[in-house]
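Here's the structure we're looking at; comments come further down.
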Amino acid sequence: MGAVQDAPARNAASTSRHGLFGRGVPMITMLAQRERPERLTGVMARIAALLFSDSTAPRRPELVLPRVAIAMLLLWPAFAPRAAAAEPAGFRRLGPGALTVIPADKTTDDALQRADVVEITQGKAGLAWTPQMAPANATFVERGRGREYPRDIWCLEFAFKPPRMLDVDVPAADLKMQRKQIWYLVYRVKNVGGRRLVTAPADGVAEKVVRQTEAFEAPVRFLPHFVLESLEPVQDGEGLSSYRGYLDRLVPSAMEAIRKREDPNRRFLDSVEMSASDMQPGEERWGVAIWEDIDPRIDFFSIYVRGLTNAVRWRPRPGSVIQPNDPPGAHIEETLESLRLDFWRPGDDRPGGDTEMRIGFAGMFERMALGGRLLSTVGWPRYAKSQPVAGLDALGISWTDLLEPEGGGAASSLIPLEVLLKKAAAVDAARDPIAMLRLVFGDLGVASIEELVAAAAGPVDAAHQARRQTALAAIGLTPEAVAREPLASLATIVRALESKPDLAAQRAAAADIFGAAGRRIPWLADAVAKARGLATLRAVDADLTAIAGGDARAAFDAVRPAIQGLDEEGRTRIRESFPVDDARRTRIAGPQDVADLALEGLFGPRGPRLFATAVAKEEGVDYGWVFRYETDAAGL
């Protein structure tokens, strides 16, 4: 009887003999062997057995706890989390924050999509009928509505270092090497699997099912497509936004230089090598995207990465006319999801600038572009030694009279300058219209107007005389007419320049009439836009001191409350500044319409769209997943 114990007695004796932690360490050893057998060496196992053998524990129970601590230190590498594992030996270690990791987009929005088969619902609409003995949705046309399209969606994890610049030798057209500056982006992609929708019984009831998300692993072929885009104006006359786009290029001669700079022991793949084979589940690869011949004056840009996911969307092609015999898909356009990354670089086009860019955020360029315009507008009177708002008041011109026409091109419109010149031409000479123009433009502006009149009416060489005569005759003017009515003639010429199809044609026509003095036209047009902006700031009660007291982003933040916080009195004042018969007055239906008009007064026709982009996201949002169709207009 004494040799036999029941189970509770054996457990109690075991607890008494080993103490509270005596049985824990052998269990930890077993756990480590099961979870990480490759990490638990035989030496560690023997040390653990010696520390916690049955023969030593009863004699010195006070040593149990210290031995537990020693064993935990010895065994920790065996079951430490895998996430703590270091880079393989030999690769360059990156400092904290050097690599930005963007997790895979795991939303389920695109795993199941619904859409009409428009070639049936619209192209075959004549076949629609109402059945009497069957459900209404059983007909051919009705069955083409709301079709479901489930798909397995995968998405790669994407990590990147900020873009950098590098001078390398590249082959030229004459089969010689040419020194050229490239921009490149080092990145890493990893196959982390995908997601699919599955059906399962709801609460165990077979008759009712619900859709659930299920993870899966599969090989993935990454077909990289990188586009670097900028909307930044880089020369006078291009307005607030001018689109530039650059595709990723293959530059084999640059790969070795990039590898030596970034990590001599790591292999970086170009876009062709990256797409040569499937990526297995869990596999990661390092690659480089390269761009050539980028305008060095660009400071703000975005990089769109396509191919990271097979998430797709589609829509009817804009403007397509569906015919009855068109096959399904004939009028549908598709697009893959792209990853947008925003960057900026504090520098200019001079050599020796920063070779590494900085991560930005969506709307950063728009905020700084609009803020820079505000700083330029508020500082204009001091620069030009003028009083633009007082000059507009003297001429009887409201800021709403100087709004640009809708649907203009990239360059600023010359129509506001024409309006101002016509108003000045109609002022009686006794009231001194030149003094009013001096208030608007300052002495430099009046000198510019005088230079233009002299170039259009004064003596010139024979070659220019012939071109000038032809150009003026085409708009019903002569040099003598310009001399008699200079301001009205300038307004007529400005209207003719505005009708030209593009900026290059406009400049060529100005050169035919004014010669080198034609460069004064864009300067005067910009001065009118600044005068309009100052009058608009007064109309919305903006704090000019706060706007002028900081940098471009601070200026934007200072004017934002004035635009978004217009009260009813302010909105009424702006609405009533339009003539009763003005079509724009009838389109003002709410606060947003008034705010958009104020933004047009400050920044031109693109002002509302740029402002909406600037305030859509707060600072710190440095990437986004977007769908962009090939037929969409570039940029904003």
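If you're wondering about the labels, chains in the structure tokens are A, B, ... by order shown, residues count from 1 in each chain, ligands from 1 in order shown.
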
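Within 7 Å of Thr213 of chain A, once only C-alpha atoms are used and residues closer than 5 positions along the same chain are dropped, the contacting residues are Arg195, Arg196, Leu197 and Val198 of chain A.
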
Apply DSSP to the backbone of this structure and, from segment 258-370 of chain A, keep only the residues in strand (DSSP E); write these as number ranges by chain.
A: 284-292, 300-306, 312-316, 332-344, 358-359

Nearby residues (only C-alpha atoms) at most 7 Å from Gln113 of chain A, same-chain spacing under 3 positions excluded, as a list of chain:residue names
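Those residues are A:Asp110, A:Glu148, A:Tyr149, A:Pro150.
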
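Residues of segment 131-300 of chain A carrying a DSSP assignment of helix (DSSP H, G or I), computed from the backbone, are Ala136, Asn137, Ala138, Glu142, Arg143, Gly144, Pro252, Ser253, Ala254, Met255, Glu256, Ala257, Ile258, Arg259, Lys260, Arg261, Glu262, Ser271, Val272, Glu273 and Met274 of chain A.
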
I want to know what sits within 6 Å of Gly360 of chain A, based on only C-alpha atoms, with residues of the same chain fewer than 4 positions away left out; could you give that as a list of chain:residue names?
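My reading of the contact set: A:Asp342, A:Phe343, A:Trp344, A:Asp622.
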
Using only C-alpha atoms, which protein or nucleic acid residues come within 6 Å of Ile153 of chain A? Drop anything in the same chain fewer than 3 positions from it, and give the result as a ChimeraX atom specification.
/A:111,194-195,311

Take the residues from that selection and put them in a file with C-alpha atoms, as a compact mmCIF listing (two decimals), in the first residue's frame.
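Below is the file again_13.txt, written as the result:
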# COMPACT_ATOMS: atom_id res chain seq x y z
CA ALA A 111 -12.25 40.32 -54.15
CA GLY A 194 -3.36 36.83 -50.87
CA ARG A 195 -7.01 36.70 -49.90
CA ALA A 311 -6.64 43.99 -57.98

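Counting only C-alpha atoms, Glu485 of chain A has the following residues at most 12 Å away, ignoring those fewer than 3 positions along the same chain: Leu421, Lys422, Ala424, Ala425, Ala426, Ala429, Val453, Ala456, Ala457, Leu477, Thr478, Pro479, Glu480, Ala481, Val482, Ala488, Ser489, Leu490, Ala491 and Thr492 of chain A.
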
Kindly indicate which residue among A:Ser412, A:Ser253, A:Gln564, A:Asn137 lies nearest to Val168 of chain A, using only C-alpha atoms for the distances.
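So, comparing all the options, the nearest one is A:Ser253.
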
Within 6 Å of segment 532-549 of chain A, counting only C-alpha atoms, which residues qualify if same-chain residues fewer than 3 places away don't, as a PDB file with C-alpha atoms, in the first residue's frame?
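To be explicit, this is the file written out as result05.pdb:
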ATOM      1  CA  LEU A 375       3.504  84.760 -50.473  1.00  0.00           C
ATOM      2  CA  VAL A 389      -6.214  97.148 -54.725  1.00  0.00           C
ATOM      3  CA  TRP A 399     -11.816  91.054 -58.500  1.00  0.00           C
ATOM      4  CA  ALA A 529      -3.439  88.128 -61.343  1.00  0.00           C
ATOM      5  CA  ALA A 555       0.813  80.897 -45.688  1.00  0.00           C
ATOM      6  CA  ALA A 558      -3.241  81.049 -42.704  1.00  0.00           C
ATOM      7  CA  ALA A 562     -10.774  82.433 -44.466  1.00  0.00           C
ATOM      8  CA  GLY A 601      -9.744  84.719 -57.620  1.00  0.00           C
ATOM      9  CA  LEU A 602      -6.644  83.710 -55.682  1.00  0.00           C
TER      10      LEU A 602
END

Would you mind reading off the distance between atom CA of Glu142 of chain A and atom CA of Gly123 of chain A, one decimal, in Å?
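So the two atoms, atom CA of Glu142 of chain A and atom CA of Gly123 of chain A, lie 12.5 Å apart.
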
In terms of the shortest atom-to-atom distance over only C-alpha atoms, which of A:Gly307, A:Pro264, A:Pro522, A:Pro103 is closest to Pro416 of chain A?
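Selected residue with least distance to Pro416 of chain A: A:Pro522.
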
Let me make sure I understand: among A:Trp625, A:Trp129, A:Trp183, A:Tyr383, which one has the smallest atom-to-atom distance to Lys530 of chain A if we use only C-alpha atoms?
A:Tyr383

Which residue gives the smallest distance to Ala254 of chain A among A:Gln387, A:Gln178, A:Thr199, A:Ser320, with only C-alpha atoms counted?
A:Gln178
